[in-house]
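Source file: upload33.txt. Holds: compact mmCIF, C-alpha atoms.
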```
# COMPACT_ATOMS: atom_id res chain seq x y z
CA MET A 1 -26.78 -44.07 -118.80
CA ALA A 2 -24.70 -40.88 -118.99
CA HIS A 3 -27.81 -38.89 -117.99
CA ASP A 4 -28.95 -41.19 -115.14
CA LEU A 5 -32.01 -42.33 -117.07
CA PHE A 6 -31.72 -45.84 -115.59
CA GLY A 7 -31.63 -44.72 -111.99
CA GLY A 8 -35.12 -45.73 -110.92
CA SER A 9 -35.14 -49.42 -111.83
CA ASP A 10 -33.48 -51.21 -108.93
CA LEU A 11 -31.31 -49.58 -106.31
CA LYS A 12 -29.45 -52.86 -105.74
CA LEU A 13 -28.24 -52.92 -109.34
CA LYS A 14 -25.51 -50.70 -110.76
CA MET A 15 -26.44 -48.56 -113.76
CA GLU A 16 -24.16 -50.70 -115.97
CA GLU A 17 -25.97 -53.88 -114.92
CA ILE A 18 -29.34 -52.30 -115.69
CA ALA A 19 -27.99 -51.09 -119.03
CA ARG A 20 -26.83 -54.61 -119.93
CA GLU A 21 -30.27 -55.98 -119.16
CA LEU A 22 -31.96 -53.28 -121.23
CA SER A 23 -29.54 -53.85 -124.12
CA GLN A 24 -30.43 -57.52 -124.18
CA HIS A 25 -34.11 -56.62 -124.08
CA PHE A 26 -33.69 -54.24 -127.02
CA VAL A 27 -31.95 -56.97 -129.02
CA GLU A 28 -34.91 -59.25 -128.39
CA SER A 29 -37.36 -56.50 -129.42
CA ILE A 30 -37.67 -54.35 -132.54
CA PHE A 31 -35.14 -51.68 -131.54
CA LEU A 32 -31.93 -53.51 -132.44
CA ALA A 33 -31.62 -55.68 -135.53
CA THR A 34 -28.52 -57.82 -134.95
CA SER A 35 -25.88 -58.26 -132.27
CA GLU A 36 -22.45 -59.82 -131.67
CA SER A 37 -21.19 -61.43 -128.47
CA ASN A 38 -17.65 -62.08 -127.25
CA GLU A 39 -16.24 -65.51 -126.41
CA TYR A 40 -17.88 -65.38 -122.97
CA GLY A 41 -21.38 -64.74 -124.37
CA GLU A 42 -21.39 -61.07 -123.32
CA LEU A 43 -23.13 -58.62 -125.68
CA ARG A 44 -20.49 -56.50 -127.46
CA THR A 45 -21.99 -54.74 -130.52
CA CYS A 46 -25.45 -54.12 -131.92
CA LYS A 47 -26.93 -52.73 -135.12
CA MET A 48 -29.93 -50.42 -135.16
CA HIS A 49 -32.85 -50.63 -137.50
CA ASP A 50 -32.71 -47.78 -140.03
CA LEU A 51 -35.73 -46.00 -138.56
CA VAL A 52 -34.32 -46.06 -135.02
CA HIS A 53 -30.95 -44.87 -136.38
CA ASP A 54 -32.56 -41.84 -138.07
CA LEU A 55 -34.41 -41.00 -134.87
CA THR A 56 -31.27 -41.14 -132.73
CA ARG A 57 -29.40 -38.90 -135.20
CA PHE A 58 -32.15 -36.30 -134.88
CA VAL A 59 -32.11 -36.45 -131.08
CA GLY A 60 -28.30 -36.45 -131.13
CA ARG A 61 -28.17 -33.12 -133.00
CA ARG A 62 -30.30 -31.57 -130.29
CA ASP A 63 -28.06 -32.99 -127.55
CA TRP A 64 -24.94 -31.56 -129.22
CA LEU A 65 -26.60 -28.15 -129.25
CA ILE A 66 -27.18 -28.46 -125.53
CA CYS A 67 -23.50 -29.32 -125.03
CA GLU A 68 -22.37 -26.35 -127.05
CA ILE A 69 -24.37 -23.82 -125.05
CA GLY A 70 -23.90 -25.52 -121.69
CA GLU A 71 -20.94 -25.58 -119.32
CA LEU A 72 -18.42 -28.35 -119.87
CA LYS A 73 -18.14 -28.95 -116.16
CA HIS A 74 -21.32 -30.99 -116.50
CA LEU A 75 -19.75 -33.25 -119.13
CA ARG A 76 -20.29 -36.94 -118.41
CA TYR A 77 -18.97 -38.62 -121.55
CA LEU A 78 -15.79 -37.65 -123.42
CA GLY A 79 -14.70 -39.70 -126.43
CA LEU A 80 -11.22 -38.85 -127.75
CA SER A 81 -10.35 -42.15 -129.41
CA HIS A 82 -8.05 -42.36 -132.46
CA ASN A 83 -6.59 -38.88 -132.01
CA PRO A 84 -2.91 -38.09 -132.71
CA PHE A 85 -2.12 -36.08 -129.57
CA LYS A 86 0.90 -37.06 -127.45
CA GLU A 87 -0.43 -35.78 -124.13
CA LEU A 88 -3.68 -34.59 -122.60
CA GLN A 89 -4.05 -31.04 -121.37
CA SER A 90 -4.59 -30.74 -117.67
CA ARG A 91 -7.77 -28.65 -118.04
CA PHE A 92 -9.88 -31.76 -118.62
CA GLN A 93 -9.50 -32.45 -114.88
CA LEU A 94 -12.15 -29.76 -114.41
CA TYR A 95 -14.78 -32.17 -115.75
CA THR A 96 -15.38 -33.65 -112.32
CA ASN A 97 -18.73 -35.13 -113.37
CA LEU A 98 -17.09 -37.14 -116.14
CA ARG A 99 -18.06 -40.81 -116.01
CA THR A 100 -16.64 -42.19 -119.25
CA LEU A 101 -13.34 -41.31 -120.93
CA GLY A 102 -12.54 -43.03 -124.22
CA LEU A 103 -8.93 -43.05 -125.45
CA GLU A 104 -8.71 -46.18 -127.61
CA GLY A 105 -6.45 -45.97 -130.64
CA CYS A 106 -4.42 -42.99 -129.36
CA LYS A 107 -1.11 -44.47 -130.51
CA HIS A 108 1.06 -41.47 -129.60
CA LEU A 109 -0.34 -40.95 -126.11
CA GLY A 110 2.40 -41.92 -123.68
CA GLY A 111 0.60 -41.54 -120.37
CA LEU A 112 -2.28 -40.00 -118.50
CA PRO A 113 -1.98 -36.63 -116.74
CA LYS A 114 -1.82 -36.18 -112.99
CA GLY A 115 -5.22 -34.49 -113.06
CA LEU A 116 -6.87 -37.82 -113.78
CA ILE A 117 -7.13 -38.58 -110.07
CA LYS A 118 -9.49 -35.61 -109.65
CA LEU A 119 -12.14 -37.27 -111.82
CA VAL A 120 -13.68 -38.93 -108.76
CA ASN A 121 -16.91 -39.86 -110.57
CA LEU A 122 -15.12 -41.64 -113.42
CA ARG A 123 -16.54 -45.12 -114.03
CA HIS A 124 -15.10 -46.18 -117.40
CA LEU A 125 -11.58 -45.50 -118.62
CA HIS A 126 -11.17 -47.07 -122.06
CA ILE A 127 -7.55 -47.50 -123.24
CA ASP A 128 -6.28 -50.31 -125.45
CA LYS A 129 -2.54 -50.36 -124.67
CA PHE A 130 -0.40 -50.57 -121.55
CA MET A 131 -0.37 -47.10 -120.06
CA LYS A 132 1.67 -45.46 -117.31
CA VAL A 133 -0.46 -43.69 -114.73
CA HIS A 134 0.47 -41.30 -111.94
CA ALA A 135 -0.01 -42.24 -108.30
CA GLY A 136 -3.43 -41.66 -106.79
CA ILE A 137 -5.74 -43.89 -108.85
CA GLU A 138 -6.89 -45.36 -105.54
CA ARG A 139 -9.06 -42.22 -105.23
CA LEU A 140 -11.10 -43.24 -108.28
CA THR A 141 -13.28 -45.60 -106.27
CA CYS A 142 -16.11 -45.53 -108.83
CA LEU A 143 -13.92 -47.01 -111.57
CA GLN A 144 -15.26 -50.17 -113.14
CA ILE A 145 -13.45 -50.32 -116.48
CA LEU A 146 -9.67 -49.76 -116.30
CA PRO A 147 -6.98 -49.33 -118.95
CA CYS A 148 -3.99 -51.57 -119.50
CA LEU A 149 -2.10 -50.41 -116.44
CA GLU A 150 1.69 -50.64 -116.42
CA LEU A 151 3.80 -50.54 -113.30
CA SER A 152 7.03 -48.56 -113.29
CA ALA A 153 10.02 -48.07 -111.02
CA SER A 154 9.70 -44.30 -111.39
CA ASN A 155 8.69 -42.22 -108.40
CA GLY A 156 5.27 -40.62 -108.57
CA GLU A 157 3.59 -43.40 -110.55
CA TRP A 158 0.85 -45.73 -109.36
CA LYS A 159 1.59 -48.79 -107.23
CA LEU A 160 -0.03 -52.19 -107.18
CA HIS A 161 -1.63 -51.76 -103.75
CA GLU A 162 -3.82 -48.92 -105.09
CA LEU A 163 -6.01 -51.43 -106.90
CA GLY A 164 -7.23 -52.62 -103.52
CA CYS A 165 -9.47 -49.56 -103.20
CA LEU A 166 -11.10 -50.13 -106.60
CA ARG A 167 -13.62 -52.76 -105.54
CA ASP A 168 -16.00 -52.41 -108.50
CA VAL A 169 -13.47 -53.21 -111.24
CA ARG A 170 -14.98 -55.62 -113.75
CA GLY A 171 -14.50 -57.01 -117.24
CA TRP A 172 -10.90 -57.04 -118.50
CA LEU A 173 -8.01 -56.12 -116.22
CA GLN A 174 -4.50 -56.01 -117.69
CA ILE A 175 -1.46 -55.30 -115.53
CA GLY A 176 1.99 -54.95 -117.09
CA GLY A 177 5.39 -54.21 -115.61
CA LEU A 178 4.99 -56.77 -112.82
CA GLU A 179 8.75 -57.13 -112.63
CA HIS A 180 8.56 -53.94 -110.52
CA ALA A 181 6.43 -55.64 -107.85
CA LYS A 182 8.71 -57.20 -105.26
CA CYS A 183 6.74 -59.37 -102.83
CA LYS A 184 3.61 -61.38 -102.21
CA GLU A 185 2.31 -58.92 -99.64
CA GLU A 186 2.42 -56.07 -102.15
CA ALA A 187 0.47 -58.15 -104.68
CA GLN A 188 -2.11 -59.25 -102.11
CA LYS A 189 -2.94 -55.61 -101.33
CA ALA A 190 -4.33 -55.31 -104.86
CA GLU A 191 -7.12 -57.66 -103.69
CA ILE A 192 -7.61 -59.21 -107.12
CA GLY A 193 -9.30 -62.20 -105.54
CA ALA A 194 -12.00 -59.99 -104.02
CA LYS A 195 -13.05 -58.52 -107.38
CA ALA A 196 -15.82 -60.86 -108.48
CA GLY A 197 -16.58 -58.81 -111.59
CA ILE A 198 -13.23 -59.43 -113.32
CA SER A 199 -13.86 -61.83 -116.20
CA PHE A 200 -10.44 -61.70 -117.91
CA LEU A 201 -7.09 -61.15 -116.19
CA HIS A 202 -3.85 -60.46 -118.10
CA LEU A 203 -0.65 -60.43 -116.00
CA ALA A 204 2.58 -59.48 -117.79
CA TRP A 205 6.28 -59.29 -116.96
CA SER A 206 8.72 -57.60 -119.33
CA SER A 207 12.18 -59.06 -119.96
CA LEU A 208 13.36 -55.69 -121.25
CA GLU A 209 12.52 -53.91 -118.00
CA ARG A 210 13.53 -56.72 -115.64
CA ASP A 211 16.22 -55.77 -113.14
CA GLU A 212 19.43 -57.84 -113.31
CA ASP A 213 18.96 -58.57 -109.62
CA SER A 214 15.35 -59.64 -110.08
CA SER A 215 14.64 -62.81 -108.12
CA ILE A 216 12.82 -65.81 -109.55
CA VAL A 217 11.38 -66.31 -106.06
CA GLU A 218 10.03 -62.74 -106.08
CA GLU A 219 8.13 -63.32 -109.31
CA LEU A 220 6.66 -66.56 -107.95
CA GLU A 221 5.49 -64.76 -104.81
CA VAL A 222 3.94 -61.89 -106.78
CA LEU A 223 1.99 -64.28 -109.01
CA ASP A 224 0.89 -66.18 -105.93
CA GLY A 225 -0.43 -62.95 -104.40
CA LEU A 226 -2.46 -62.12 -107.53
CA GLN A 227 -4.73 -65.15 -107.39
CA PRO A 228 -8.12 -64.26 -108.88
CA HIS A 229 -11.75 -64.70 -107.92
CA PRO A 230 -13.42 -68.04 -108.80
CA ASN A 231 -15.63 -66.21 -111.32
CA LEU A 232 -12.65 -65.68 -113.64
CA GLN A 233 -13.28 -66.77 -117.24
CA GLY A 234 -9.99 -65.94 -118.94
CA LEU A 235 -6.34 -65.81 -117.80
CA ILE A 236 -3.12 -64.77 -119.53
CA VAL A 237 0.24 -65.07 -117.76
CA GLN A 238 2.97 -63.57 -119.96
CA GLY A 239 6.72 -63.29 -119.43
CA PHE A 240 6.68 -64.92 -116.01
CA ASN A 241 10.22 -65.97 -115.04
CA GLY A 242 9.66 -68.25 -112.05
CA ASP A 243 10.89 -71.83 -111.95
CA SER A 244 7.44 -73.13 -111.01
CA PHE A 245 3.87 -71.91 -110.83
CA PRO A 246 2.19 -71.02 -107.52
CA GLY A 247 -0.16 -73.52 -105.95
CA TRP A 248 -3.40 -71.87 -107.05
CA LEU A 249 -2.35 -72.03 -110.71
CA ARG A 250 -1.10 -75.63 -110.52
CA ARG A 251 -4.26 -76.83 -108.78
CA MET A 252 -6.66 -74.36 -110.37
CA THR A 253 -8.14 -73.59 -106.95
CA VAL A 254 -8.17 -70.28 -105.08
CA VAL A 255 -9.05 -69.16 -101.58
CA ASN A 256 -12.39 -67.35 -101.48
CA ASN A 257 -13.98 -66.29 -98.17
CA ASP A 258 -11.59 -68.61 -96.32
CA ASN A 259 -12.72 -71.58 -98.42
CA LEU A 260 -11.08 -73.32 -101.37
CA ALA A 261 -12.89 -72.76 -104.66
CA SER A 262 -12.13 -74.23 -108.08
CA LEU A 263 -11.65 -72.06 -111.15
CA ASP A 264 -14.41 -73.96 -112.93
CA ASN A 265 -15.51 -70.96 -115.00
CA LEU A 266 -12.25 -70.64 -116.94
CA VAL A 267 -12.78 -70.89 -120.69
CA VAL A 268 -9.49 -69.31 -121.87
CA VAL A 269 -5.98 -69.88 -120.46
CA ARG A 270 -2.79 -68.63 -122.12
CA LEU A 271 0.54 -69.29 -120.39
CA ILE A 272 3.40 -67.54 -122.20
CA VAL A 273 6.31 -67.82 -119.81
CA GLY A 274 9.89 -66.65 -119.83
CA TYR A 275 11.66 -69.51 -118.03
CA PRO A 276 12.24 -72.57 -120.22
CA LEU A 277 12.24 -75.18 -117.44
CA LEU A 278 8.74 -74.51 -116.22
CA THR A 279 6.35 -77.42 -115.95
CA ILE A 280 2.62 -77.30 -115.38
CA THR A 281 0.60 -80.10 -113.76
CA PRO A 282 -2.94 -78.94 -112.92
CA THR A 283 -5.54 -81.69 -112.84
CA GLY A 284 -8.29 -80.21 -114.95
CA PHE A 285 -10.11 -77.31 -116.53
CA PRO A 286 -13.70 -78.55 -116.82
CA SER A 287 -15.07 -75.53 -118.71
CA LEU A 288 -11.98 -74.58 -120.70
CA ARG A 289 -12.43 -73.91 -124.43
CA ASP A 290 -9.11 -72.25 -125.35
CA LEU A 291 -5.68 -73.34 -124.02
CA GLU A 292 -2.35 -71.88 -125.15
CA LEU A 293 1.00 -73.02 -123.72
CA ARG A 294 4.34 -71.49 -124.72
CA GLN A 295 7.86 -72.19 -123.44
CA ILE A 296 6.72 -74.92 -121.06
CA LYS A 297 9.15 -77.77 -120.43
CA SER A 298 6.54 -80.48 -120.08
CA ALA A 299 2.84 -80.63 -120.89
CA GLN A 300 2.59 -84.42 -120.78
CA ARG A 301 0.90 -84.80 -117.41
CA LEU A 302 -1.35 -81.84 -118.08
CA LEU A 303 -2.69 -83.25 -121.33
CA GLN A 304 -3.10 -86.76 -119.97
CA CYS A 305 -4.72 -85.91 -116.63
CA GLY A 306 -6.78 -82.88 -117.53
CA LYS A 307 -10.52 -82.77 -118.21
CA TRP A 308 -10.89 -81.41 -121.72
CA SER A 309 -14.42 -82.24 -122.81
CA TYR A 310 -15.17 -78.62 -123.84
CA LEU A 311 -11.75 -77.69 -125.23
CA THR A 312 -12.01 -76.48 -128.85
CA SER A 313 -8.58 -74.82 -129.36
CA LEU A 314 -5.12 -76.03 -128.24
CA ILE A 315 -1.91 -74.16 -129.11
CA LEU A 316 1.45 -75.62 -128.06
CA GLU A 317 4.61 -73.64 -128.85
CA ASP A 318 8.17 -74.40 -127.74
CA VAL A 319 7.02 -77.24 -125.47
CA GLU A 320 9.77 -79.82 -124.88
CA ASP A 321 7.80 -82.84 -123.71
CA LEU A 322 4.44 -83.61 -125.29
CA SER A 323 2.07 -86.43 -124.56
CA ASN A 324 2.15 -89.46 -126.89
CA GLU A 325 -1.62 -89.64 -126.86
CA PHE A 326 -4.55 -87.30 -126.63
CA GLY A 327 -7.34 -89.64 -125.66
CA GLU A 328 -11.08 -89.33 -126.05
CA GLN A 329 -11.29 -86.35 -123.68
CA PHE A 330 -10.32 -84.09 -126.61
CA ILE A 331 -13.39 -85.06 -128.61
CA SER A 332 -14.49 -81.40 -129.03
CA LEU A 333 -11.08 -80.12 -130.24
CA GLU A 334 -11.42 -78.12 -133.47
CA THR A 335 -8.04 -76.33 -133.68
CA LEU A 336 -4.62 -77.85 -132.91
CA GLU A 337 -1.40 -75.86 -133.42
CA ILE A 338 2.02 -77.38 -132.63
CA ILE A 339 4.84 -74.90 -133.23
CA ARG A 340 8.61 -75.03 -132.56
CA CYS A 341 8.43 -78.23 -130.52
CA ARG A 342 12.00 -79.23 -131.38
CA LYS A 343 12.01 -82.63 -129.66
CA LEU A 344 8.76 -83.83 -131.20
CA ALA A 345 9.50 -86.83 -133.45
CA CYS A 346 5.95 -88.03 -134.05
CA LEU A 347 2.42 -86.86 -133.52
CA PRO A 348 0.27 -88.60 -130.90
CA GLU A 349 -0.69 -92.13 -131.85
CA ASP A 350 -4.41 -91.55 -131.40
CA LEU A 351 -4.58 -88.40 -133.54
CA GLY A 352 -7.37 -90.04 -135.55
CA LYS A 353 -9.68 -89.81 -132.52
CA LEU A 354 -9.90 -86.04 -132.92
CA THR A 355 -12.98 -86.38 -135.11
CA SER A 356 -14.05 -82.73 -134.60
CA LEU A 357 -10.68 -81.30 -135.70
CA LYS A 358 -11.04 -78.66 -138.41
CA LYS A 359 -7.59 -77.02 -138.34
CA LEU A 360 -4.19 -78.72 -137.89
CA ASP A 361 -1.11 -76.49 -137.98
CA VAL A 362 2.31 -78.13 -137.46
CA ARG A 363 5.34 -75.90 -138.07
CA TRP A 364 9.07 -75.83 -137.34
CA CYS A 365 9.35 -79.17 -135.56
CA PRO A 366 12.65 -80.37 -137.15
CA LYS A 367 12.46 -83.99 -135.89
CA LEU A 368 8.97 -84.50 -137.24
CA LYS A 369 9.66 -85.64 -140.80
CA SER A 370 6.20 -86.96 -141.73
CA LEU A 371 2.54 -86.98 -140.75
CA PRO A 372 0.83 -90.16 -139.55
CA ASP A 373 -1.54 -92.29 -141.60
CA GLN A 374 -4.29 -91.57 -139.06
CA LEU A 375 -4.61 -88.14 -140.64
CA ARG A 376 -7.04 -89.62 -143.15
CA ARG A 377 -9.51 -90.32 -140.34
CA LEU A 378 -9.88 -86.58 -139.67
CA THR A 379 -12.90 -86.25 -141.92
CA ALA A 380 -13.87 -82.83 -140.49
CA LEU A 381 -10.45 -81.33 -141.32
CA GLU A 382 -10.69 -78.12 -143.37
CA GLU A 383 -7.24 -76.55 -142.97
CA LEU A 384 -3.85 -78.33 -142.85
CA THR A 385 -0.46 -76.64 -142.51
CA TYR A 386 2.75 -78.66 -142.31
CA CYS A 387 6.27 -77.17 -142.38
CA TRP A 388 9.00 -79.05 -140.57
CA ILE A 389 11.98 -76.73 -141.12
```
Kindly return the structure encoded in the file as structure tokens.
Amino acid sequence: MAHDLFGGSDLKLKMEEIARELSQHFVESIFLATSESNEYGELRTCKMHDLVHDLTRFVGRRDWLICEIGELKHLRYLGLSHNPFKELQSRFQLYTNLRTLGLEGCKHLGGLPKGLIKLVNLRHLHIDKFMKVHAGIERLTCLQILPCLELSASNGEWKLHELGCLRDVRGWLQIGGLEHAKCKEEAQKAEIGAKAGISFLHLAWSSLERDEDSSIVEELEVLDGLQPHPNLQGLIVQGFNGDSFPGWLRRMTVVNNDNLASLDNLVVVRLIVGYPLLTITPTGFPSLRDLELRQIKSAQRLLQCGKWSYLTSLILEDVEDLSNEFGEQFISLETLEIIRCRKLACLPEDLGKLTSLKKLDVRWCPKLKSLPDQLRRLTALEELTYCWI
């Protein structure tokens, strides 16, 4: 891909899409022995047969020789992961043909240099922690894979509206520092809902950075303006301090091409909020497999009214009001964690209906002094943790 070897297949497909198709083909043929997929079924890692591995090592030595005698301005891939440097030298901005920059595991790297915005051909920027970036990323219109971007109040750093120009962003998108975004209009300019390729969206507010004058209404408006595309498969909302959720999150419907569309593709939702009186009352997540709720005042209506036929993991932490019954809609549930639910005096009466449950973890619920007799009906149970103080 770095050498444009996939260019002739189909002009309507991006190189990355062609590469994914070829990777799957190689897995199904003799070239790749085994593979691993993520929770969305996307191919993540593969293992080569020994013979193919030896061949690629031989070819690789020749390619390195070419790099050594060639000019670095033609460099297309630069992997600097797991290095101890604290900053990047500005000379790497000369590599204007660079398409992939790997910086995972660079624990001491505090930010990216200003010269980054000159890498106009950059497609993949791999970083695994929230990173401060200088203003101008809107020029990187070829970008598809982004780092964990963090907003800041400092002058000269990127702003939320710049994401609007990056129309090909796909995969995971993580945005931190949202306490520095101040209105719905600013959030809407990021055009998150127009980015059909985003599969997982992580939106984070920091209590440490939050301004004393920060408005609960402002945070609600910002979250409202960041509504995603209906293709979204995973959502994390962390540190949100509003007193309610915006309409799209309560109803699990978004506006797409002037029409209402349901978020039916969601398989993972984690709501880790900062305001203890929040309630959530959406009516269903038909495809959801993983649900995590933290610091929610009431989950009763959610658990009773939702559609949970595919849900396999449910984590409830610091939830004040839980449902007294689960019902048959949780028939696929395999993992149930109930943590720090201080008002919980008894587990749901129909716990024995969770016949697929393999893991039950109940911790730090001081009013829950015993487990119900229905526990014996959980014949699939493999792991049980119970600690009430």
My list of candidates is A:Val268, A:Lys297, A:Leu351, A:Glu328. Which is closest to Leu314 in chain A when distances are computed with only C-alpha atoms? A:Val268
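Straight-line separation from CA of Pro147 in chain A to CA of Phe200 in chain A: 12.9 Å.
CA of Asn265 in chain A is found 6.0 Å from CA of Asn231 in chain A.
The closest residue to Glu349 in chain A, picked from A:Gly197, A:Gly105, A:Pro366, A:Pro372 and counting all atoms listed in the file, is A:Pro372.
Among A:His124, A:Leu98, A:Leu226, A:Ala204, the residue with the shortest atom-to-atom distance to His161 in chain A, counting all atoms listed in the file, is A:Leu226.
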Pick from A:Asn257, A:His229, A:Glu157, A:Ser152: nearest to Ser206 in chain A, with all atoms listed in the file counted?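 With all atoms listed in the file as the atom set, the closest residue is A:Ser152.
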